[in-house]
Protein chains: 2
Amino acid sequence: MHRLLLALGAASLPAAALANYPAPDAGALADHAAEHDTIAWDFVEGITTEVGPRQAGTEAEKRGREWAMRWLKRNGFANVADEPFEMETWVPGDLHKAEIISPYPQPLVIQPLGGSASTGPDGITAEVIEFESVDALREAVPGLLEGRIAYVSHDMTPTQDGSQYGFAGPARWVGAGIAAQHGAVATVIKSVGTDYHRNPHVGGTGFPEGVAPTPAGALSLPDAANLERMFDRSGGAAIVMKLTLTPRDLGTTTSGNVVGEIVGRDPSLPPVLLACHLDSWWNGTGAFDDGAGCGIAAAAAKNATAHEQPLRTIRVLFAGAEETGLWGSKAYSAAHIDEPVGVAFESDFGADRIWQFQSNFREANPELHAQIARAVARFGVSNSTIVATGGADINIARDQDAAIIDLQQDGSRYFDLHHTPDDTLDKIDPVQLRQNVAVWTQVVGILANYEGEIRPKE
Amino acid sequence: MHRLLLALGAASLPAAALANYPAPDAGALADHAAEHDTIAWDFVEGITTEVGPRQAGTEAEKRGREWAMRWLKRNGFANVADEPFEMETWVPGDLHKAEIISPYPQPLVIQPLGGSASTGPDGITAEVIEFESVDALREAVPGLLEGRIAYVSHDMTPTQDGSQYGFAGPARWVGAGIAAQHGAVATVIKSVGTDYHRNPHVGGTGFPEGVAPTPAGALSLPDAANLERMFDRSGGAAIVMKLTLTPRDLGTTTSGNVVGEIVGRDPSLPPVLLACHLDSWWNGTGAFDDGAGCGIAAAAAKNATAHEQPLRTIRVLFAGAEETGLWGSKAYSAAHIDEPVGVAFESDFGADRIWQFQSNFREANPELHAQIARAVARFGVSNSTIVATGGADINIARDQDAAIIDLQQDGSRYFDLHHTPDDTLDKIDPVQLRQNVAVWTQVVGILANYEGEIRPKE
């Protein structure tokens with residue numbers, strides 16, 4: 001049934017399709033989306049099934065762009081394009097093993113962190129030294145890590161706003177770099193995540209200027225717990241691991257940002273920019289992160305304009321290569337810095353319900369902020385005095401000091417899935433996804449027809 | 001704290017330890033176990049951490065036996081032995097890949113079924129033909145599968161008693177054999193399981209007499225769902241897969257059954273036999289299946305005899321090589337067929353709570369049946385008129401027409417974990433495990449001190 005709606009262009013809705021939509025005001029369109037939206041689901045089902053993993057800079061990401069452009073055109077978006085940029089590309093390779101050699105021989109499940117060096121196919125064997133946190137690693141006894149493997153743990157719990165990521169994340173973000181500075185031959189971390197499945201949480205790791213990258217991998221949380229029990233039980237005997245990780249740097253490759261528009265009646269007005277990212281880590285299919293985000297943004301643009309052309313142009317930006325360093329976001333800002341953005345927001349935190357509305361124009365433009373806050377309240381979305389700073393893919397809005405909105409999604413289970421093989425379609429809750437699309441539809445509908453200037457400052 | 005109790009032999013409890021136990025009747029000992037047992041947890045934590053996966057017939061299984069014998073001796077069991085037997089041993093090999101080549105190129109997560117042949121390291125590439133069930137596979141159009149890969153689905157939901165396994169299991173048990181008879185070059189099944197994680201459910205598959213084994217693997221449930229969506233979306237275009245599975249047959253190797261006893265005051269009485277299996281599939285650490293079962297059996301034997309020597313000998317049988325064909329159970333029966341068993345029961349269905357008591361002596365020995373049923377009712381365990389048939393590792397009791405008990409465990413989440421990498425310690429709920437041990441302690445306490453004959457028939 002939903003295929004009918006998907007085949008319709010926004011600029012040319014036949015009467016039969018219009019009958020499916022209620023009266024043309026943003027509220028009614030949002031209410032309709034809350035009950036009936038299938039557009040976001042269609043996008044994320046399609047890209048995860050027909051493309052699958054989309055590692056930044058690779059041929060798979062390119063297939064993702066081609067798929068997304070076909071989808072946007074089929075769904076009535078205009079000016080659909082792939083805007084290329086160059087980037088440095090890392091791929092995970094084939095061998096991912098962590099074997100305890102002594103005293104308790106058994107294999108552990110591991111995957112390489114983005115930016116990890118290779119151990120070579122024969123692996124490296126060394127004693128593992130345990131650190132309960134990055135802070136403990138920083139204070140490692142000089143010489144202790146020379147020729148050894150650092151194991152870095154952390155203590156992460158789920159939070160609605162995802163704020164624990166800021167506290168637990170450094171184990172991944174900087175652990176390997178600090179260990180390398182201490183002479184470690186490799187680093188193994190406890191996955192930065194909150195689940196208990198045999199799925200490592202990957203993601204990028206960084207090495208300081210002048211520090212040569214070392215092999216670095218994430219153990220799944222059950223494997224990390226097992227390794228920690230080994231330390232508890234070994235009575236001080238050395239824990240020796242054979243680590244085999246064979247990622248590779250491909251050098252410079254071409255990626256791209258996919259853009260598309262619902263063209264407004266007054267193209268001179270700065271557009272509403274809706275962003276997400278198309279790339280995913282190689283180990284999942286990029287459903288929660290971030291196929292759903294692109295589906296939500298595109299669905300909102302279509303739903304909010306189902307009856308009539310908006311005043312402002314709505315532009316969707318499906319950024320490339322977010323995961324490995326915001327390459328697409330930076331390239332988009334560089335290419336379009338002279339084209340003012342009216343207001344920008346992004347969906348990149350899964351597909352669960354939206355619980356809070358934030359903007360950076362609450363003080364400069366209180367009436368608009370209040371109008372939006374009132375309009376989304378019926379979906380269970382709270383107002384906030386927090387100043388929105390926007391997601392990773394809207395660098396351009398920050399670079400332009402433009403208006404920004406954050407529609408905060410429930411992150412309680414986001415870090416169960418984040419950067420794991422388990423980021424697959426079945427994890428998406430269609431009911432929460434529709435609430436999310438409904439809120440977006442409401443907000444886009446207001447902003448795309450807002451005549452005044454939307455500026456965060458006077 | 002629990003290490004103190006573990007260091008104590010049942011035959012020589014010092015006064016300090018006895019102070020931790022209540023008055024010496026089976027009920028009080030069971031109540032104590034429900035609140036305080038740490039013995040079962042210690043076993044399963046120990047074997048999963050210090051040994052890990054224990055594939056039948058391998059060196060890892062042998063390390064499991066050695067570990068278990070040390071544990072039994074340390075915990076006061078007598079006559080601890082490793083009773084060897086020979087078996088045919090299969091190992092999974094290193095390469096496990098299922099790559100969709102067209103029309104939607106992406107990797108799927110797969111693992112080989114026990115008994116699978118090898119594709120060779122270069123894999124095989126062929127069109128995949130979809131069957132929604134084993135019944136549909138049986139009725140495949142002649143010639144359709146020649147040179148192709150069969151994909152066999154099923155529809156499994158969780159049940160408390162695990163009965164859905166009987167309906168969904170044939171996809172694994174006989175799917176590959178039927179497909180081979182139809183000329184398929186390989187078989188891929190939807191994992192026989194009820195979870196939604198990227199963890200294949202392995203387990204043995206059988207080929208009929210005279211049918212050469214073919215490569216056979218299980219996709220994780222999210223991957224199976226993805227493949228099924230590909231069929232829905234491809235518009236009839238062939239789905240082509242490259243399958244690479246490299247298991248090997250090692251030929252004849254030696255495995256063994258570990259036994260140990262709490263010797264009774266009257267060794268002439270047939271013993272109470274408590275069974276489980278020590279081997280596990282290679283991909284998990286054998287916590288739910290079946291490290292916990294051995295921990296439960298051993299804990300019950302120790303708890304029930306904490307104060308005094310039982311009337312009957314209690315024998316634990318930690319069977320070897322259950323998963324690949326009940327090799328240990330058969331070998332034990334063959335070796336001990338002339339030694340009458342008094343009553344036998346087994347724990348091999350996870351570590352969740354016991355909800356039902358069944359015996360095969362309810363009619364022949366109604367008072368004993370009723371006594372046990374009354375005693376376990378306070379733990380939320382219901383009585384049953386179902387005639388117990390016993391688990392896989394007590395072939396000897398069936399071969400002797402001996403008394404059998406089934407303490408049915410809650411299987412609602414068992415098939416989320418069964419034969420997957422996710423069968424790890426963190427999945428065990430300590431509260432449910434203690435309820436389980438308490439019920440076992442109660443039942444063992446009654447039976448080990450029962451003077452009459454425990455026969456299922458007059």
# chains A, B, ... in the order shown; residues from 1 in each chain; ligands from 1
call {"tool": "residues_around", "arguments": {"residues": "A:Ile189", "least_positions_apart": "3", "cutoff": "8 Å", "atoms": "only C-alpha atoms", "output": "PDB file with N, CA and C atoms, in the first residue's frame"}}
result
ATOM      1  N   TYR A 151      44.729  -2.847  27.837  1.00  0.00           N
ATOM      2  CA  TYR A 151      43.277  -3.071  27.846  1.00  0.00           C
ATOM      3  C   TYR A 151      42.637  -1.942  28.634  1.00  0.00           C
ATOM      4  N   VAL A 152      41.694  -1.230  28.019  1.00  0.00           N
ATOM      5  CA  VAL A 152      41.090  -0.068  28.656  1.00  0.00           C
ATOM      6  C   VAL A 152      39.594  -0.314  28.854  1.00  0.00           C
ATOM      7  N   SER A 153      39.149  -0.256  30.089  1.00  0.00           N
ATOM      8  CA  SER A 153      37.751  -0.447  30.426  1.00  0.00           C
ATOM      9  C   SER A 153      37.084   0.906  30.677  1.00  0.00           C
ATOM     10  N   ALA A 171      37.517   6.135  26.177  1.00  0.00           N
ATOM     11  CA  ALA A 171      38.214   4.841  26.070  1.00  0.00           C
ATOM     12  C   ALA A 171      38.463   4.516  24.604  1.00  0.00           C
ATOM     13  N   ARG A 172      37.479   4.832  23.765  1.00  0.00           N
ATOM     14  CA  ARG A 172      37.665   4.581  22.331  1.00  0.00           C
ATOM     15  C   ARG A 172      38.364   5.735  21.640  1.00  0.00           C
ATOM     16  N   GLY A 175      41.976   6.314  23.874  1.00  0.00           N
ATOM     17  CA  GLY A 175      42.686   5.268  24.613  1.00  0.00           C
ATOM     18  C   GLY A 175      43.896   4.731  23.858  1.00  0.00           C
ATOM     19  N   ALA A 216      44.290  -1.412  17.127  1.00  0.00           N
ATOM     20  CA  ALA A 216      43.353  -1.096  18.204  1.00  0.00           C
ATOM     21  C   ALA A 216      42.007  -1.736  17.884  1.00  0.00           C
ATOM     22  N   GLY A 217      41.461  -2.436  18.861  1.00  0.00           N
ATOM     23  CA  GLY A 217      40.183  -3.110  18.629  1.00  0.00           C
ATOM     24  C   GLY A 217      39.273  -3.029  19.840  1.00  0.00           C
ATOM     25  N   ALA A 218      37.992  -3.284  19.594  1.00  0.00           N
ATOM     26  CA  ALA A 218      36.978  -3.283  20.656  1.00  0.00           C
ATOM     27  C   ALA A 218      36.476  -4.700  20.878  1.00  0.00           C
ATOM     28  N   LEU A 219      36.551  -5.160  22.122  1.00  0.00           N
ATOM     29  CA  LEU A 219      35.919  -6.418  22.506  1.00  0.00           C
ATOM     30  C   LEU A 219      34.431  -6.182  22.726  1.00  0.00           C
ATOM     31  N   ALA A 224      34.665  -8.485  27.053  1.00  0.00           N
ATOM     32  CA  ALA A 224      35.400  -7.618  27.975  1.00  0.00           C
ATOM     33  C   ALA A 224      35.190  -8.078  29.414  1.00  0.00           C
TER      34      ALA A 224
END
call {"tool": "select_by_dssp", "arguments": {"residues": "stretch 116-281 of chain A", "states": "strand (DSSP E)", "output": "count of residues only"}}
result
49
call {"tool": "interface_residues", "arguments": {"of": "chain B", "to": "chain A", "cutoff": "8 Å", "atoms": "only C-alpha atoms", "output": "list in words"}}
result
Thr49, Glu50, Val51, Gly52, Pro53, Pro103, Tyr104, Pro105, Gln106, Tyr196, His197, Arg198, Asn199, Pro222, Asn226, Leu227, Arg229, Met230, Pro421, Asp422, Thr424, Leu425, Asp426 and Lys427 of chain B
call {"tool": "residues_around", "arguments": {"residues": "stretch 381-390 of chain A", "least_positions_apart": "6", "cutoff": "7 Å", "atoms": "only C-alpha atoms", "output": "list in words"}}
result
Phe345, Glu346, Ile354, Trp355, Gln356, Phe357, Gln358, Ser359, Asn360, Ala373, Ile404, Ile405 and Asp406 of chain A
call {"tool": "atom_distance", "arguments": {"atom1": "atom CA of B:Ala56", "atom2": "atom CA of B:Val263"}}
result
29.0 Å
call {"tool": "residues_around", "arguments": {"residues": "B:Lys62", "least_positions_apart": "2", "cutoff": "10 Å", "atoms": "only C-alpha atoms", "output": "ChimeraX atom specification"}}
result
/B:51,54-60,64-68,82,254-256,278-279,320
call {"tool": "select_by_dssp", "arguments": {"residues": "stretch 209-388 of chain A", "states": "alpha helix (DSSP H)", "output": "PyMOL selection string"}}
result
chain A and resi 221-233+292-304+327-336+366-377
call {"tool": "residues_around", "arguments": {"residues": "B:Thr159", "least_positions_apart": "4", "cutoff": "10 Å", "atoms": "only C-alpha atoms", "output": "PDB file with C-alpha atoms, in the first residue's frame"}}
result
ATOM      1  CA  SER B 163       7.854 -26.901  22.406  1.00  0.00           C
ATOM      2  CA  GLN B 164       8.276 -24.654  19.360  1.00  0.00           C
ATOM      3  CA  TYR B 165      11.695 -26.222  18.900  1.00  0.00           C
ATOM      4  CA  THR B 194      13.819 -16.450  18.758  1.00  0.00           C
ATOM      5  CA  ASP B 410      11.417 -21.755  31.920  1.00  0.00           C
ATOM      6  CA  GLY B 411      12.474 -21.791  28.276  1.00  0.00           C
ATOM      7  CA  SER B 412      10.962 -18.432  27.292  1.00  0.00           C
ATOM      8  CA  ARG B 413      14.375 -16.968  26.461  1.00  0.00           C
ATOM      9  CA  TYR B 414      16.295 -20.202  26.006  1.00  0.00           C
ATOM     10  CA  PHE B 415      16.073 -20.047  22.217  1.00  0.00           C
TER      11      PHE B 415
END
call {"tool": "atom_distance", "arguments": {"atom1": "atom CA of B:Thr252", "atom2": "atom CA of B:Ala287"}}
result
26.7 Å
call {"tool": "closest_residue", "arguments": {"among": "B:Gly236, B:Ala300, B:Leu326, B:His418", "to": "B:Ile446", "atoms": "only C-alpha atoms"}}
result
B:Ala300
call {"tool": "atom_distance", "arguments": {"atom1": "atom CA of B:Gly169", "atom2": "atom CA of B:Gly325"}}
result
15.4 Å
call {"tool": "closest_residue", "arguments": {"among": "A:Asn395, A:Glu83, A:Val439, A:Ala331", "to": "A:Ala377", "atoms": "only C-alpha atoms"}}
result
A:Val439
call {"tool": "residues_around", "arguments": {"residues": "B:Pro456", "least_positions_apart": "4", "cutoff": "12 Å", "atoms": "only C-alpha atoms", "output": "PyMOL selection string"}}
result
chain B and resi 341-344+359-366+368-369+387-389+397-398+400-405
call {"tool": "write_last_selection", "arguments": {"atoms": "N, CA and C atoms", "output": "mmCIF file, in the first residue's frame"}}
result
data_model
loop_
_atom_site.group_PDB
_atom_site.id
_atom_site.type_symbol
_atom_site.label_atom_id
_atom_site.label_comp_id
_atom_site.auth_asym_id
_atom_site.auth_seq_id
_atom_site.Cartn_x
_atom_site.Cartn_y
_atom_site.Cartn_z
ATOM 1 N N VAL B 341 20.563 -47.784 38.256
ATOM 2 C CA VAL B 341 20.376 -46.400 38.691
ATOM 3 C C VAL B 341 19.083 -46.337 39.501
ATOM 4 N N GLY B 342 19.099 -45.640 40.623
ATOM 5 C CA GLY B 342 17.887 -45.516 41.437
ATOM 6 C C GLY B 342 16.883 -44.564 40.804
ATOM 7 N N VAL B 343 17.352 -43.390 40.492
ATOM 8 C CA VAL B 343 16.530 -42.378 39.837
ATOM 9 C C VAL B 343 17.495 -41.405 39.154
ATOM 10 N N ALA B 344 17.085 -40.899 38.000
ATOM 11 C CA ALA B 344 17.985 -40.020 37.239
ATOM 12 C C ALA B 344 17.252 -38.765 36.818
ATOM 13 N N SER B 359 7.450 -36.743 36.843
ATOM 14 C CA SER B 359 8.192 -37.987 37.074
ATOM 15 C C SER B 359 7.574 -39.079 36.207
ATOM 16 N N ASN B 360 8.251 -40.194 36.151
ATOM 17 C CA ASN B 360 7.650 -41.350 35.464
ATOM 18 C C ASN B 360 7.180 -42.396 36.487
ATOM 19 N N PHE B 361 7.117 -41.969 37.810
ATOM 20 C CA PHE B 361 6.696 -42.934 38.834
ATOM 21 C C PHE B 361 5.455 -42.441 39.600
ATOM 22 N N ARG B 362 4.723 -41.515 38.996
ATOM 23 C CA ARG B 362 3.548 -40.971 39.674
ATOM 24 C C ARG B 362 2.495 -42.050 39.943
ATOM 25 N N GLU B 363 2.372 -43.005 39.020
ATOM 26 C CA GLU B 363 1.374 -44.058 39.216
ATOM 27 C C GLU B 363 1.916 -45.206 40.050
ATOM 28 N N ALA B 364 3.193 -45.577 39.790
ATOM 29 C CA ALA B 364 3.762 -46.720 40.503
ATOM 30 C C ALA B 364 4.142 -46.374 41.937
ATOM 31 N N ASN B 365 4.444 -45.130 42.182
ATOM 32 C CA ASN B 365 4.943 -44.731 43.492
ATOM 33 C C ASN B 365 4.341 -43.371 43.865
ATOM 34 N N PRO B 366 2.994 -43.346 43.991
ATOM 35 C CA PRO B 366 2.309 -42.056 44.126
ATOM 36 C C PRO B 366 2.703 -41.269 45.362
ATOM 37 N N LEU B 368 5.656 -41.067 46.881
ATOM 38 C CA LEU B 368 6.922 -40.355 46.677
ATOM 39 C C LEU B 368 6.720 -39.179 45.718
ATOM 40 N N HIS B 369 5.996 -39.422 44.640
ATOM 41 C CA HIS B 369 5.714 -38.338 43.690
ATOM 42 C C HIS B 369 5.031 -37.168 44.412
ATOM 43 N N VAL B 387 4.255 -37.761 31.857
ATOM 44 C CA VAL B 387 5.229 -38.779 32.245
ATOM 45 C C VAL B 387 6.626 -38.339 31.810
ATOM 46 N N ALA B 388 7.510 -38.163 32.784
ATOM 47 C CA ALA B 388 8.860 -37.694 32.483
ATOM 48 C C ALA B 388 9.591 -38.708 31.603
ATOM 49 N N THR B 389 10.328 -38.196 30.644
ATOM 50 C CA THR B 389 11.120 -39.068 29.767
ATOM 51 C C THR B 389 12.612 -38.786 29.879
ATOM 52 N N ALA B 397 19.203 -44.361 32.118
ATOM 53 C CA ALA B 397 17.961 -44.553 32.861
ATOM 54 C C ALA B 397 16.858 -45.090 31.944
ATOM 55 N N ARG B 398 16.835 -44.588 30.721
ATOM 56 C CA ARG B 398 15.845 -45.123 29.769
ATOM 57 C C ARG B 398 16.193 -46.569 29.408
ATOM 58 N N GLN B 400 17.617 -48.713 31.187
ATOM 59 C CA GLN B 400 17.341 -49.597 32.333
ATOM 60 C C GLN B 400 15.866 -49.555 32.763
ATOM 61 N N ASP B 401 15.041 -48.782 32.065
ATOM 62 C CA ASP B 401 13.658 -48.552 32.541
ATOM 63 C C ASP B 401 13.656 -48.074 34.000
ATOM 64 N N ALA B 402 14.534 -47.167 34.300
ATOM 65 C CA ALA B 402 14.668 -46.686 35.678
ATOM 66 C C ALA B 402 13.735 -45.492 35.923
ATOM 67 N N ALA B 403 13.676 -45.070 37.181
ATOM 68 C CA ALA B 403 12.889 -43.893 37.540
ATOM 69 C C ALA B 403 13.558 -42.634 36.986
ATOM 70 N N ILE B 404 12.711 -41.732 36.495
ATOM 71 C CA ILE B 404 13.195 -40.499 35.865
ATOM 72 C C ILE B 404 12.356 -39.328 36.361
ATOM 73 N N ILE B 405 13.022 -38.201 36.548
ATOM 74 C CA ILE B 405 12.355 -36.944 36.897
ATOM 75 C C ILE B 405 12.722 -35.897 35.859
#
call {"tool": "residues_around", "arguments": {"residues": "A:Trp71", "least_positions_apart": "4", "cutoff": "12 Å", "atoms": "only C-alpha atoms", "output": "PDB file with N, CA and C atoms, in the first residue's frame"}}
result
ATOM      1  N   ARG A   3       3.575   1.733  -1.275  1.00  0.00           N
ATOM      2  CA  ARG A   3       4.292   1.983  -2.530  1.00  0.00           C
ATOM      3  C   ARG A   3       3.583   3.037  -3.378  1.00  0.00           C
ATOM      4  N   LEU A   6       4.754   6.380  -2.234  1.00  0.00           N
ATOM      5  CA  LEU A   6       6.159   6.589  -2.548  1.00  0.00           C
ATOM      6  C   LEU A   6       6.373   6.938  -4.003  1.00  0.00           C
ATOM      7  N   ALA A   7       5.443   6.518  -4.832  1.00  0.00           N
ATOM      8  CA  ALA A   7       5.618   6.770  -6.259  1.00  0.00           C
ATOM      9  C   ALA A   7       5.227   8.196  -6.636  1.00  0.00           C
ATOM     10  N   LEU A   8       4.731   8.941  -5.670  1.00  0.00           N
ATOM     11  CA  LEU A   8       4.183  10.258  -5.984  1.00  0.00           C
ATOM     12  C   LEU A   8       5.210  11.362  -5.779  1.00  0.00           C
ATOM     13  N   GLY A   9       5.302  12.247  -6.749  1.00  0.00           N
ATOM     14  CA  GLY A   9       6.153  13.412  -6.579  1.00  0.00           C
ATOM     15  C   GLY A   9       5.397  14.491  -5.829  1.00  0.00           C
ATOM     16  N   ILE A  39       6.903   6.436   4.809  1.00  0.00           N
ATOM     17  CA  ILE A  39       7.992   6.907   3.947  1.00  0.00           C
ATOM     18  C   ILE A  39       9.349   6.674   4.606  1.00  0.00           C
ATOM     19  N   ALA A  40       9.453   7.035   5.880  1.00  0.00           N
ATOM     20  CA  ALA A  40      10.731   6.853   6.569  1.00  0.00           C
ATOM     21  C   ALA A  40      11.098   5.371   6.619  1.00  0.00           C
ATOM     22  N   ASP A  42      10.132   3.048   4.579  1.00  0.00           N
ATOM     23  CA  ASP A  42      10.489   2.582   3.242  1.00  0.00           C
ATOM     24  C   ASP A  42      11.943   2.915   2.921  1.00  0.00           C
ATOM     25  N   PHE A  43      12.372   4.127   3.314  1.00  0.00           N
ATOM     26  CA  PHE A  43      13.761   4.501   3.038  1.00  0.00           C
ATOM     27  C   PHE A  43      14.717   3.567   3.771  1.00  0.00           C
ATOM     28  N   VAL A  44      14.507   3.382   5.053  1.00  0.00           N
ATOM     29  CA  VAL A  44      15.496   2.621   5.835  1.00  0.00           C
ATOM     30  C   VAL A  44      15.408   1.134   5.511  1.00  0.00           C
ATOM     31  N   GLU A  45      14.209   0.636   5.239  1.00  0.00           N
ATOM     32  CA  GLU A  45      14.128  -0.758   4.786  1.00  0.00           C
ATOM     33  C   GLU A  45      14.858  -0.927   3.457  1.00  0.00           C
ATOM     34  N   GLY A  46      14.653   0.027   2.569  1.00  0.00           N
ATOM     35  CA  GLY A  46      15.257  -0.092   1.243  1.00  0.00           C
ATOM     36  C   GLY A  46      16.773  -0.049   1.277  1.00  0.00           C
ATOM     37  N   ILE A  47      17.314   0.934   1.977  1.00  0.00           N
ATOM     38  CA  ILE A  47      18.778   1.094   1.916  1.00  0.00           C
ATOM     39  C   ILE A  47      19.489  -0.010   2.687  1.00  0.00           C
ATOM     40  N   GLU A  50      18.826  -3.244   0.236  1.00  0.00           N
ATOM     41  CA  GLU A  50      19.351  -3.225  -1.127  1.00  0.00           C
ATOM     42  C   GLU A  50      20.799  -2.751  -1.197  1.00  0.00           C
ATOM     43  N   GLY A  64      25.318   3.329  -2.002  1.00  0.00           N
ATOM     44  CA  GLY A  64      24.324   3.969  -1.143  1.00  0.00           C
ATOM     45  C   GLY A  64      23.885   5.319  -1.698  1.00  0.00           C
ATOM     46  N   ARG A  65      24.832   6.092  -2.216  1.00  0.00           N
ATOM     47  CA  ARG A  65      24.464   7.393  -2.804  1.00  0.00           C
ATOM     48  C   ARG A  65      23.584   7.203  -4.037  1.00  0.00           C
ATOM     49  N   GLU A  66      23.974   6.235  -4.869  1.00  0.00           N
ATOM     50  CA  GLU A  66      23.185   6.008  -6.097  1.00  0.00           C
ATOM     51  C   GLU A  66      21.766   5.564  -5.732  1.00  0.00           C
ATOM     52  N   TRP A  67      21.683   4.704  -4.727  1.00  0.00           N
ATOM     53  CA  TRP A  67      20.364   4.229  -4.284  1.00  0.00           C
ATOM     54  C   TRP A  67      19.543   5.409  -3.747  1.00  0.00           C
ATOM     55  N   ASN A  75      10.678   9.906  -5.339  1.00  0.00           N
ATOM     56  CA  ASN A  75       9.792  10.511  -4.352  1.00  0.00           C
ATOM     57  C   ASN A  75       9.570  12.010  -4.587  1.00  0.00           C
ATOM     58  N   GLY A  76       9.928  12.489  -5.775  1.00  0.00           N
ATOM     59  CA  GLY A  76       9.534  13.832  -6.155  1.00  0.00           C
ATOM     60  C   GLY A  76      10.474  14.940  -5.740  1.00  0.00           C
ATOM     61  N   PHE A  77      11.665  14.602  -5.263  1.00  0.00           N
ATOM     62  CA  PHE A  77      12.620  15.656  -4.931  1.00  0.00           C
ATOM     63  C   PHE A  77      13.252  16.188  -6.216  1.00  0.00           C
ATOM     64  N   ALA A  78      13.516  17.483  -6.231  1.00  0.00           N
ATOM     65  CA  ALA A  78      14.165  18.127  -7.373  1.00  0.00           C
ATOM     66  C   ALA A  78      15.641  18.367  -7.067  1.00  0.00           C
ATOM     67  N   VAL A  80      18.286  16.784  -7.435  1.00  0.00           N
ATOM     68  CA  VAL A  80      18.992  15.702  -6.747  1.00  0.00           C
ATOM     69  C   VAL A  80      20.389  15.587  -7.334  1.00  0.00           C
ATOM     70  N   ALA A  81      21.388  15.551  -6.475  1.00  0.00           N
ATOM     71  CA  ALA A  81      22.776  15.540  -6.968  1.00  0.00           C
ATOM     72  C   ALA A  81      23.694  14.814  -5.986  1.00  0.00           C
ATOM     73  N   VAL A 258      24.843  13.597  -0.934  1.00  0.00           N
ATOM     74  CA  VAL A 258      23.642  13.590  -1.764  1.00  0.00           C
ATOM     75  C   VAL A 258      22.712  14.701  -1.280  1.00  0.00           C
ATOM     76  N   VAL A 259      22.250  15.507  -2.204  1.00  0.00           N
ATOM     77  CA  VAL A 259      21.302  16.561  -1.860  1.00  0.00           C
ATOM     78  C   VAL A 259      20.060  16.435  -2.744  1.00  0.00           C
ATOM     79  N   GLY A 260      18.967  17.005  -2.264  1.00  0.00           N
ATOM     80  CA  GLY A 260      17.726  17.038  -3.026  1.00  0.00           C
ATOM     81  C   GLY A 260      16.841  18.120  -2.435  1.00  0.00           C
ATOM     82  N   CYS A 294      18.013   9.672   7.652  1.00  0.00           N
ATOM     83  CA  CYS A 294      17.725  10.161   6.300  1.00  0.00           C
ATOM     84  C   CYS A 294      16.268   9.919   5.944  1.00  0.00           C
ATOM     85  N   GLY A 295      15.742   8.768   6.381  1.00  0.00           N
ATOM     86  CA  GLY A 295      14.326   8.491   6.137  1.00  0.00           C
ATOM     87  C   GLY A 295      13.427   9.493   6.844  1.00  0.00           C
ATOM     88  N   ALA A 298      13.692  12.997   5.047  1.00  0.00           N
ATOM     89  CA  ALA A 298      13.015  13.002   3.748  1.00  0.00           C
ATOM     90  C   ALA A 298      11.509  12.870   3.911  1.00  0.00           C
ATOM     91  N   ALA A 299      11.087  12.029   4.857  1.00  0.00           N
ATOM     92  CA  ALA A 299       9.654  11.855   5.084  1.00  0.00           C
ATOM     93  C   ALA A 299       9.028  13.167   5.552  1.00  0.00           C
TER      94      ALA A 299
END
